[in-house]
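Colleague: Got a structure for you, target00.cif, holding mmCIF, C-alpha atoms.
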```cif
data_entry
loop_
_atom_site.group_PDB
_atom_site.id
_atom_site.type_symbol
_atom_site.label_atom_id
_atom_site.label_comp_id
_atom_site.auth_asym_id
_atom_site.auth_seq_id
_atom_site.Cartn_x
_atom_site.Cartn_y
_atom_site.Cartn_z
ATOM 1 C CA MET A 26 3.542 14.354 26.097
ATOM 2 C CA ALA A 27 0.975 16.507 24.372
ATOM 3 C CA SER A 28 3.145 17.408 21.398
ATOM 4 C CA PRO A 29 1.069 17.858 18.233
ATOM 5 C CA LEU A 30 2.276 15.627 15.383
ATOM 6 C CA SER A 31 1.448 16.365 11.776
ATOM 7 C CA SER A 32 -1.520 14.707 10.023
ATOM 8 C CA PHE A 33 -0.147 11.178 9.578
ATOM 9 C CA PRO A 34 -1.874 9.013 11.406
ATOM 10 C CA ARG A 35 -2.057 10.193 15.041
ATOM 11 C CA ILE A 36 -3.817 13.208 16.493
ATOM 12 C CA ALA A 37 -2.527 15.232 19.457
ATOM 13 C CA VAL A 38 -3.943 15.168 22.951
ATOM 14 C CA CYS A 39 -5.427 18.564 23.763
ATOM 15 C CA ALA A 40 -5.239 19.920 27.260
ATOM 16 C CA VAL A 41 -8.630 21.661 27.237
ATOM 17 C CA ALA A 42 -12.100 20.301 26.375
ATOM 18 C CA CYS A 43 -11.877 18.239 23.192
ATOM 19 C CA SER A 44 -14.292 15.474 22.166
ATOM 20 C CA ARG A 45 -11.796 13.260 20.326
ATOM 21 C CA THR A 46 -8.890 12.790 22.694
ATOM 22 C CA PHE A 47 -6.905 9.612 22.642
ATOM 23 C CA SER A 48 -3.513 8.780 23.935
ATOM 24 C CA VAL A 49 -0.364 8.863 21.869
ATOM 25 C CA SER A 50 1.845 6.268 23.459
ATOM 26 C CA ALA A 51 4.905 4.403 22.225
ATOM 27 C CA ALA A 52 3.900 0.879 23.291
ATOM 28 C CA ALA A 53 0.828 -0.900 21.981
ATOM 29 C CA PRO A 54 -0.835 -2.087 25.180
ATOM 30 C CA ALA A 55 -4.039 -4.026 25.417
ATOM 31 C CA VAL A 56 -7.041 -2.507 27.115
ATOM 32 C CA GLN A 57 -6.903 -2.701 30.884
ATOM 33 C CA LYS A 58 -7.918 -0.551 33.841
ATOM 34 C CA LEU A 59 -7.307 3.152 33.394
ATOM 35 C CA THR A 60 -6.715 2.999 29.641
ATOM 36 C CA ARG A 61 -8.213 5.872 27.721
ATOM 37 C CA VAL A 62 -10.478 4.722 24.919
ATOM 38 C CA ARG A 63 -12.191 6.261 21.964
ATOM 39 C CA VAL A 64 -15.939 5.991 21.641
ATOM 40 C CA VAL A 65 -16.903 5.382 18.016
ATOM 41 C CA ASP A 66 -20.679 5.329 17.985
ATOM 42 C CA ASN A 67 -22.972 8.331 17.676
ATOM 43 C CA SER A 68 -24.364 8.258 21.197
ATOM 44 C CA PRO A 69 -24.646 11.671 22.886
ATOM 45 C CA LEU A 70 -22.783 10.372 25.928
ATOM 46 C CA GLY A 71 -19.841 9.376 23.791
ATOM 47 C CA ASN A 72 -19.718 12.451 21.628
ATOM 48 C CA THR A 73 -20.284 15.388 23.963
ATOM 49 C CA PRO A 74 -16.972 16.926 24.980
ATOM 50 C CA TYR A 75 -15.790 16.500 28.521
ATOM 51 C CA HIS A 76 -12.566 17.594 30.088
ATOM 52 C CA ARG A 77 -11.532 13.999 30.819
ATOM 53 C CA PRO A 78 -11.328 11.215 28.253
ATOM 54 C CA PRO A 79 -13.389 8.058 28.870
ATOM 55 C CA LYS A 80 -11.344 5.586 30.917
ATOM 56 C CA VAL A 81 -11.731 1.899 31.576
ATOM 57 C CA ILE A 82 -12.379 1.096 35.216
ATOM 58 C CA HIS A 83 -13.146 -2.596 34.975
ATOM 59 C CA VAL A 84 -12.612 -5.329 32.422
ATOM 60 C CA TYR A 85 -15.054 -8.239 32.379
ATOM 61 C CA THR A 86 -12.578 -11.052 31.777
ATOM 62 C CA LYS A 87 -10.783 -13.555 33.987
ATOM 63 C CA ASN A 88 -7.539 -11.631 33.762
ATOM 64 C CA GLY A 89 -7.833 -7.888 33.697
ATOM 65 C CA VAL A 90 -6.837 -7.627 30.051
ATOM 66 C CA GLY A 91 -9.397 -6.593 27.483
ATOM 67 C CA LYS A 92 -9.049 -7.695 23.892
ATOM 68 C CA MET A 93 -11.310 -7.245 20.887
ATOM 69 C CA GLY A 94 -14.854 -8.309 21.699
ATOM 70 C CA ASP A 95 -14.592 -8.001 25.482
ATOM 71 C CA THR A 96 -16.946 -5.870 27.560
ATOM 72 C CA VAL A 97 -15.506 -3.233 29.834
ATOM 73 C CA LEU A 98 -16.832 -0.668 32.285
ATOM 74 C CA LEU A 99 -16.057 2.917 31.400
ATOM 75 C CA ALA A 100 -16.114 6.114 33.391
ATOM 76 C CA ILE A 101 -17.583 8.776 31.057
ATOM 77 C CA LYS A 102 -18.639 12.223 32.171
ATOM 78 C CA GLY A 103 -18.729 11.070 35.773
ATOM 79 C CA GLN A 104 -20.975 8.095 34.972
ATOM 80 C CA LYS A 105 -20.319 4.400 34.744
ATOM 81 C CA LYS A 106 -21.188 2.752 31.441
ATOM 82 C CA LYS A 107 -20.572 -0.605 29.880
ATOM 83 C CA ALA A 108 -18.884 -0.802 26.504
ATOM 84 C CA LEU A 109 -17.591 -3.305 23.969
ATOM 85 C CA ILE A 110 -14.074 -3.143 22.543
ATOM 86 C CA VAL A 111 -14.282 -3.039 18.768
ATOM 87 C CA GLY A 112 -10.760 -2.101 17.832
ATOM 88 C CA GLN A 113 -7.456 -2.376 19.632
ATOM 89 C CA LYS A 114 -4.061 -0.908 19.035
ATOM 90 C CA MET A 115 -2.294 -4.071 20.119
ATOM 91 C CA PRO A 116 -1.837 -6.659 17.376
ATOM 92 C CA GLY A 117 -4.386 -9.387 17.976
ATOM 93 C CA GLU A 118 -4.995 -12.740 16.312
ATOM 94 C CA ARG A 119 -3.595 -13.390 12.878
ATOM 95 C CA MET A 120 -5.892 -12.212 10.098
ATOM 96 C CA THR A 121 -7.471 -9.489 12.229
ATOM 97 C CA PRO A 122 -6.952 -5.801 11.547
ATOM 98 C CA ARG A 123 -5.013 -3.557 13.879
ATOM 99 C CA PHE A 124 -6.509 -0.189 14.605
ATOM 100 C CA ASP A 125 -4.859 3.112 15.295
ATOM 101 C CA SER A 126 -6.738 3.610 18.587
ATOM 102 C CA ASN A 127 -8.623 1.520 21.133
ATOM 103 C CA ASN A 128 -12.164 1.842 19.855
ATOM 104 C CA VAL A 129 -15.160 1.164 21.989
ATOM 105 C CA VAL A 130 -18.944 1.137 21.513
ATOM 106 C CA LEU A 131 -21.174 2.074 24.452
ATOM 107 C CA LEU A 132 -23.684 -0.498 25.674
ATOM 108 C CA GLU A 133 -26.690 -0.472 27.941
ATOM 109 C CA ASP A 134 -26.880 -2.907 30.845
ATOM 110 C CA ASN A 135 -28.916 -5.358 28.778
ATOM 111 C CA GLY A 136 -26.284 -5.416 26.020
ATOM 112 C CA ASN A 137 -28.022 -3.137 23.525
ATOM 113 C CA PRO A 138 -25.914 -0.408 21.956
ATOM 114 C CA THR A 139 -26.511 3.138 23.195
ATOM 115 C CA GLY A 140 -25.951 4.843 19.864
ATOM 116 C CA THR A 141 -27.783 4.301 16.618
ATOM 117 C CA ARG A 142 -24.925 4.156 14.170
ATOM 118 C CA ILE A 143 -21.302 3.073 14.138
ATOM 119 C CA LYS A 144 -19.323 4.753 11.426
ATOM 120 C CA ALA A 145 -15.912 3.366 12.268
ATOM 121 C CA PRO A 146 -14.928 0.081 10.638
ATOM 122 C CA ILE A 147 -15.682 -3.024 12.697
ATOM 123 C CA PRO A 148 -13.633 -6.170 12.212
ATOM 124 C CA THR A 149 -15.560 -9.034 10.644
ATOM 125 C CA HIS A 150 -14.261 -11.597 13.103
ATOM 126 C CA LEU A 151 -16.530 -9.971 15.707
ATOM 127 C CA ARG A 152 -19.394 -11.679 13.951
ATOM 128 C CA ARG A 153 -18.925 -14.561 16.359
ATOM 129 C CA LEU A 154 -20.707 -12.289 18.886
ATOM 130 C CA GLU A 155 -23.838 -12.717 16.799
ATOM 131 C CA GLY A 156 -25.732 -14.058 19.817
ATOM 132 C CA ASP A 157 -25.046 -11.385 22.419
ATOM 133 C CA HIS A 158 -24.345 -8.291 20.380
ATOM 134 C CA SER A 159 -26.264 -8.844 17.163
ATOM 135 C CA LYS A 160 -27.836 -5.390 17.476
ATOM 136 C CA LEU A 161 -24.423 -3.835 17.615
ATOM 137 C CA LEU A 162 -23.356 -5.637 14.449
ATOM 138 C CA ALA A 163 -26.610 -4.562 12.837
ATOM 139 C CA ILE A 164 -25.950 -0.849 13.358
ATOM 140 C CA ALA A 165 -22.374 -1.100 12.142
ATOM 141 C CA GLN A 166 -21.998 0.543 8.764
ATOM 142 C CA ARG A 167 -18.675 -0.756 7.643
ATOM 143 C CA PHE A 168 -16.919 -4.072 8.161
ATOM 144 C CA VAL A 169 -13.245 -4.551 7.618
ATOM 145 C CA MET B 46 -11.793 -14.353 -1.100
ATOM 146 C CA ARG B 47 -9.909 -11.647 -2.870
ATOM 147 C CA ILE B 48 -6.240 -11.073 -3.598
ATOM 148 C CA GLU B 49 -5.610 -7.527 -2.380
ATOM 149 C CA LYS B 50 -2.862 -5.127 -3.326
ATOM 150 C CA CYS B 51 -0.208 -4.129 -0.859
ATOM 151 C CA TYR B 52 -0.429 -0.416 -0.129
ATOM 152 C CA PHE B 53 3.299 0.070 -0.194
ATOM 153 C CA CYS B 54 4.752 -2.144 -2.879
ATOM 154 C CA SER B 55 1.562 -2.895 -4.877
ATOM 155 C CA GLY B 56 2.296 -6.600 -4.731
ATOM 156 C CA PRO B 57 -0.433 -9.220 -4.241
ATOM 157 C CA VAL B 58 -1.531 -10.028 -0.708
ATOM 158 C CA TYR B 59 -2.772 -13.622 -0.639
ATOM 159 C CA PRO B 60 -5.103 -14.836 2.123
ATOM 160 C CA GLY B 61 -3.182 -15.710 5.241
ATOM 161 C CA HIS B 62 -0.362 -13.308 4.475
ATOM 162 C CA GLY B 63 0.474 -9.819 5.556
ATOM 163 C CA MET B 64 -1.186 -7.336 7.822
ATOM 164 C CA MET B 65 -4.085 -4.941 7.783
ATOM 165 C CA PHE B 66 -4.041 -1.595 9.525
ATOM 166 C CA VAL B 67 -7.058 0.672 9.979
ATOM 167 C CA ARG B 68 -6.280 4.330 10.489
ATOM 168 C CA ASN B 69 -8.529 6.608 12.487
ATOM 169 C CA ASP B 70 -9.874 8.234 9.349
ATOM 170 C CA CYS B 71 -11.207 4.747 8.464
ATOM 171 C CA LYS B 72 -8.708 4.254 5.671
ATOM 172 C CA VAL B 73 -7.586 0.631 5.431
ATOM 173 C CA PHE B 74 -3.981 -0.219 4.603
ATOM 174 C CA ARG B 75 -2.955 -3.695 3.611
ATOM 175 C CA PHE B 76 0.639 -4.847 3.592
ATOM 176 C CA CYS B 77 2.061 -7.939 1.990
ATOM 177 C CA LYS B 78 4.966 -8.331 4.384
ATOM 178 C CA SER B 79 6.581 -6.694 7.349
ATOM 179 C CA LYS B 80 9.106 -4.936 5.111
ATOM 180 C CA CYS B 81 6.327 -2.834 3.611
ATOM 181 C CA HIS B 82 4.676 -2.386 6.995
ATOM 182 C CA LYS B 83 7.894 -1.170 8.602
ATOM 183 C CA ASN B 84 8.555 1.264 5.788
ATOM 184 C CA PHE B 85 5.034 2.564 6.189
ATOM 185 C CA LYS B 86 5.573 3.092 9.903
ATOM 186 C CA LYS B 87 8.756 4.991 9.075
ATOM 187 C CA LYS B 88 6.518 7.290 7.055
ATOM 188 C CA ARG B 89 8.299 6.602 3.795
ATOM 189 C CA ASN B 90 6.565 7.678 0.633
ATOM 190 C CA PRO B 91 6.062 4.656 -1.649
ATOM 191 C CA ARG B 92 6.309 6.954 -4.648
ATOM 192 C CA LYS B 93 9.875 7.741 -3.680
ATOM 193 C CA THR B 94 11.016 4.312 -2.557
ATOM 194 C CA ARG B 95 12.751 2.951 -5.576
ATOM 195 C CA TRP B 96 11.826 -0.701 -5.374
ATOM 196 C CA THR B 97 8.067 -0.204 -5.270
ATOM 197 C CA LYS B 98 5.759 -0.401 -8.258
ATOM 198 C CA ALA B 99 4.395 3.015 -7.336
ATOM 199 C CA PHE B 100 7.808 4.567 -7.909
ATOM 200 C CA ARG B 101 8.387 2.662 -11.140
ATOM 201 C CA LYS B 102 5.088 3.733 -12.592
ATOM 202 C CA SER B 103 5.410 7.341 -11.531
ATOM 203 C CA ALA B 104 8.973 7.474 -12.899
ATOM 204 C CA GLY B 105 7.867 6.050 -16.256
ATOM 205 C CA LYS B 106 9.885 2.877 -15.926
ATOM 206 C CA GLU B 107 6.887 0.641 -16.448
ATOM 207 C CA LEU B 108 3.783 0.519 -18.558
ATOM 208 C CA THR B 109 1.093 2.760 -17.088
ATOM 209 C CA VAL B 110 -1.572 3.455 -19.717
ATOM 210 C CA ASP B 111 -2.755 0.390 -21.526
ATOM 211 C CA ASN B 112 -6.003 -1.355 -22.339
ATOM 212 C CA SER B 113 -4.872 -4.569 -20.724
ATOM 213 C CA LEU B 114 -4.451 -2.749 -17.411
ATOM 214 C CA GLU B 115 -8.053 -1.546 -17.494
ATOM 215 C CA PHE B 116 -9.209 -5.038 -16.575
ATOM 216 C CA GLU B 117 -7.569 -4.831 -13.194
ATOM 217 C CA LYS B 118 -9.468 -1.755 -12.087
ATOM 218 C CA ARG B 119 -12.016 -2.291 -9.386
ATOM 219 C CA ARG B 120 -15.638 -2.082 -10.384
ATOM 220 C CA ASN B 121 -18.161 -1.294 -7.697
ATOM 221 C CA ILE B 122 -21.198 -2.549 -9.597
ATOM 222 C CA PRO B 123 -21.940 -6.235 -8.943
ATOM 223 C CA VAL B 124 -22.635 -8.353 -12.002
ATOM 224 C CA LYS B 125 -25.489 -10.863 -11.974
ATOM 225 C CA TYR B 126 -24.226 -14.425 -11.916
ATOM 226 C CA ASN B 127 -24.203 -16.166 -15.254
ATOM 227 C CA ARG B 128 -22.337 -19.427 -15.674
ATOM 228 C CA VAL B 129 -21.370 -18.828 -19.283
ATOM 229 C CA LEU B 130 -20.072 -15.367 -18.443
ATOM 230 C CA TRP B 131 -18.106 -16.796 -15.557
ATOM 231 C CA ASN B 132 -16.386 -19.433 -17.681
ATOM 232 C CA LYS B 133 -15.663 -16.995 -20.473
ATOM 233 C CA THR B 134 -14.217 -14.544 -17.982
ATOM 234 C CA VAL B 135 -11.788 -17.124 -16.657
ATOM 235 C CA GLU B 136 -10.537 -17.845 -20.171
ATOM 236 C CA ALA B 137 -10.338 -14.155 -20.962
ATOM 237 C CA MET B 138 -8.352 -13.552 -17.793
ATOM 238 C CA LYS B 139 -5.678 -15.967 -18.933
ATOM 239 C CA LYS B 140 -5.415 -14.339 -22.332
ATOM 240 C CA VAL B 141 -5.357 -10.838 -20.931
ATOM 241 C CA GLU B 142 -2.643 -11.805 -18.476
ATOM 242 C CA ASN B 143 -0.566 -13.154 -21.330
ATOM 243 C CA ILE B 144 -0.998 -10.028 -23.436
ATOM 244 C CA LYS B 145 -0.301 -7.779 -20.496
ATOM 245 C CA GLN B 146 2.970 -9.480 -19.690
ATOM 246 C CA LYS B 147 4.094 -9.275 -23.283
ATOM 247 C CA ARG B 148 3.234 -5.599 -23.480
ATOM 248 C CA GLN B 149 5.022 -4.811 -20.262
ATOM 249 C CA ALA B 150 8.115 -6.679 -21.415
ATOM 250 C CA ARG B 151 7.999 -4.882 -24.767
ATOM 251 C CA PHE B 152 7.762 -1.520 -23.021
ATOM 252 C CA ILE B 153 10.827 -2.204 -20.911
ATOM 253 C CA LEU B 154 12.728 -3.526 -23.927
ATOM 254 C CA ASN B 155 11.998 -0.357 -25.863
ATOM 255 C CA ARG B 156 13.047 1.729 -22.933
ATOM 256 C CA LEU B 157 16.382 -0.037 -22.687
ATOM 257 C CA LYS B 158 17.101 0.146 -26.433
ATOM 258 C CA LYS B 159 18.149 3.761 -26.080
ATOM 259 C CA GLY B 160 20.790 2.625 -23.636
ATOM 260 C CA LYS B 161 22.257 0.259 -26.183
ATOM 261 C CA GLU B 162 22.601 3.029 -28.773
ATOM 262 C CA LEU B 163 24.230 5.345 -26.277
ATOM 263 C CA GLU B 164 26.595 2.573 -25.280
ATOM 264 C CA LYS B 165 27.635 2.042 -28.876
ATOM 265 C CA ALA B 166 28.298 5.733 -29.438
ATOM 266 C CA GLU B 167 30.317 5.844 -26.246
ATOM 267 C CA ASP B 168 32.398 2.880 -27.342
ATOM 268 C CA ILE B 169 33.165 4.459 -30.712
ATOM 269 C CA LYS B 170 34.194 7.659 -29.016
ATOM 270 C CA GLU B 171 36.424 5.766 -26.641
ATOM 271 C CA VAL B 172 38.142 3.867 -29.407
ATOM 272 C CA LYS B 173 38.768 7.028 -31.388
ATOM 273 C CA LYS B 174 40.161 8.743 -28.329
ATOM 274 C CA ASN B 175 42.489 5.916 -27.377
ATOM 275 C CA ILE B 176 43.421 4.677 -30.821
ATOM 276 C CA HIS B 177 47.066 5.305 -29.963
ATOM 277 C CA LEU B 178 46.948 2.282 -27.665
ATOM 278 C CA ILE B 179 46.104 0.017 -30.560
ATOM 279 C CA LYS B 180 47.780 1.567 -33.556
ATOM 280 C CA ALA B 181 50.968 3.662 -33.697
ATOM 281 C CA PRO B 182 50.295 7.296 -34.749
ATOM 282 C CA HIS B 183 52.336 7.223 -37.964
ATOM 283 C CA ALA B 184 51.682 3.550 -38.670
ATOM 284 C CA GLY B 185 50.325 3.322 -42.196
ATOM 285 C CA GLU B 186 51.309 6.747 -43.503
ATOM 286 C CA ALA B 187 54.285 5.603 -45.571
ATOM 287 C CA ARG B 188 52.221 3.036 -47.393
ATOM 288 C CA LYS B 189 49.410 5.531 -47.982
ATOM 289 C CA LEU B 190 51.887 8.016 -49.473
ATOM 290 C CA GLU B 191 53.241 5.291 -51.756
ATOM 291 C CA GLU B 192 49.747 4.363 -52.946
ATOM 292 C CA LYS B 193 48.933 8.005 -53.597
ATOM 293 C CA MET B 194 52.066 8.408 -55.656
ATOM 294 C CA VAL B 195 51.286 5.284 -57.630
ATOM 295 C CA GLN B 196 47.780 6.541 -58.306
ATOM 296 C CA LYS B 197 49.084 9.935 -59.440
ATOM 297 C CA LEU B 198 51.581 8.298 -61.773
ATOM 298 C CA ALA B 199 48.816 6.162 -63.234
ATOM 299 C CA GLU B 200 46.659 9.258 -63.801
ATOM 300 C CA ASP B 201 49.580 11.087 -65.449
ATOM 301 C CA VAL B 202 50.139 8.095 -67.717
ATOM 302 C CA GLU B 203 46.416 8.085 -68.674
ATOM 303 C CA MET B 204 46.466 11.827 -69.376
ATOM 304 C CA ASP B 205 49.517 11.501 -71.542
ATOM 305 C CA ASP B 206 47.718 8.780 -73.479
#
```
Show me the file's structure as structure tokens.

Modeller:
Amino acid sequence: MASPLSSFPRIAVCAVACSRTFSVSAAAPAVQKLTRVRVVDNSPLGNTPYHRPPKVIHVYTKNGVGKMGDTVLLAIKGQKKKALIVGQKMPGERMTPRFDSNNVVLLEDNGNPTGTRIKAPIPTHLRRLEGDHSKLLAIAQRFV
Amino acid sequence: MRIEKCYFCSGPVYPGHGMMFVRNDCKVFRFCKSKCHKNFKKKRNPRKTRWTKAFRKSAGKELTVDNSLEFEKRRNIPVKYNRVLWNKTVEAMKKVENIKQKRQARFILNRLKKGKELEKAEDIKEVKKNIHLIKAPHAGEARKLEEKMVQKLAEDVEMDD
């Protein structure tokens, strides 16, 4: 499974400690329990390398499927942390971009983002979360 | 609202059409239809796929350097709103579009002219090669000989005079 592909667009899963590991799978599943995600903010918790990629352990929706804009519980570095899904591999609504990996931004328990900057592009249709996650949208640098 | 360009075929992507894909290096790819998207996923190079504008421009089949194409380039400096400027720009856009189409058509016409000349030369060659299908090999030789003899006689008569 960990076969390195050349540059275009996916990156291989490394066996040993690597900060940016994300799965290379054939299907395009939505985010559910035990999916590996990619943390895109600049929080130390998200960026320090750990031998296991951050995994979803709970999805805060009625069904256990997490789409763009849903909060999830992650297991990172042996800790539990809430996060918001900001990019999914599965094609979503019409007129929303599809990302190459399931991107996630770490949140505190009160809904504030853990990091101070989000360099990855955030879809503009997440602006409907202006009420709950306005701080997250404020630290986003690029909208797509 | 903005009419984007398809990454693969360079066609216009109108609002409500096509798909957008964001790669992990934050590069955004827009596609006008699933044909382009599928080709992209197959890792095809648009510069080698013959039906795309990218191929046509890189192969010199279409107009590449021209003043009228400069207007389409993206400018990253916002211009302060001015109603007169806005109206004038709309009129200018129509004119520029007109000129651009004419120039592009002219370019292609000139490019295809060479083909017509080559075709003509080929046809002449073919006729010369296969003239035996139209005219018998010794068809007019008797008459030509007769005319030559007549001419010679006439010259002899003149010289004698």

Colleague: Using all atoms listed in the file, which protein or nucleic acid residues come within 10 Å of range 147-149 of chain A? Drop anything in the same chain fewer than 5 positions from it, and give the result as an MDAnalysis selection string.

Modeller: (chainID A and resid 93:94 110:112 121:124 128 162 165:169) or (chainID B and resid 67 71)

Colleague: Could you check which of A:Arg153, A:Asn72, A:His83, A:Glu118 is closest to Leu59 in chain A, using all atoms listed in the file?

Modeller: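 Looking only at the distances to Leu59 in chain A, the closest residue turns out to be A:His83.
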
Colleague: Selection in question (the file shown): the PyMOL selection byres ((chain B) within 12 of (chain A)). Which residues does it include, as a list in words?

Modeller: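 Output from the PyMOL selection byres ((chain B) within 12 of (chain A)), applied to this file: Val58, Tyr59, Pro60, Gly61, His62, Gly63, Met64, Met65, Phe66, Val67, Arg68, Asn69, Asp70, Cys71, Lys72, Val73, Phe74, Arg75, Phe76, His82, Phe85, Lys86, Lys87, Lys88, Arg89 and Asn90 of chain B.
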
Colleague: Please provide the set of residues having any atom within 12 Å of Asn143 in chain B, restricted to all atoms listed in the file, with same-chain residues fewer than 6 positions apart removed, written as a list in words.

Modeller: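 Contacts, in chain order: Ser113, Leu114, Glu136, Ala137, Gln149 and Ala150 of chain B.
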
Colleague: Quick check, in Å to one decimal: how far apart do CA of Arg142 in chain A and CA of Asn67 in chain A lie?

Modeller: 5.8 Å

Colleague: Hey, can you check how far CA of Lys106 in chain B sits from CA of Leu154 in chain B?

Modeller: 10.6 Å

Colleague: Rounded to one decimal, what separation in Å do you get between CA of Cys77 in chain B and CA of Cys51 in chain B?

Modeller: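 Spanning CA of Cys77 in chain B to CA of Cys51 in chain B is a straight-line distance of 5.3 Å.
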
Colleague: Applied to the shown file, which residues does the PyMOL selection byres ((chain B and resi 98) around 12) return, written as a ChimeraX atom specification?

Modeller: /B:50-57,91-97,99-109
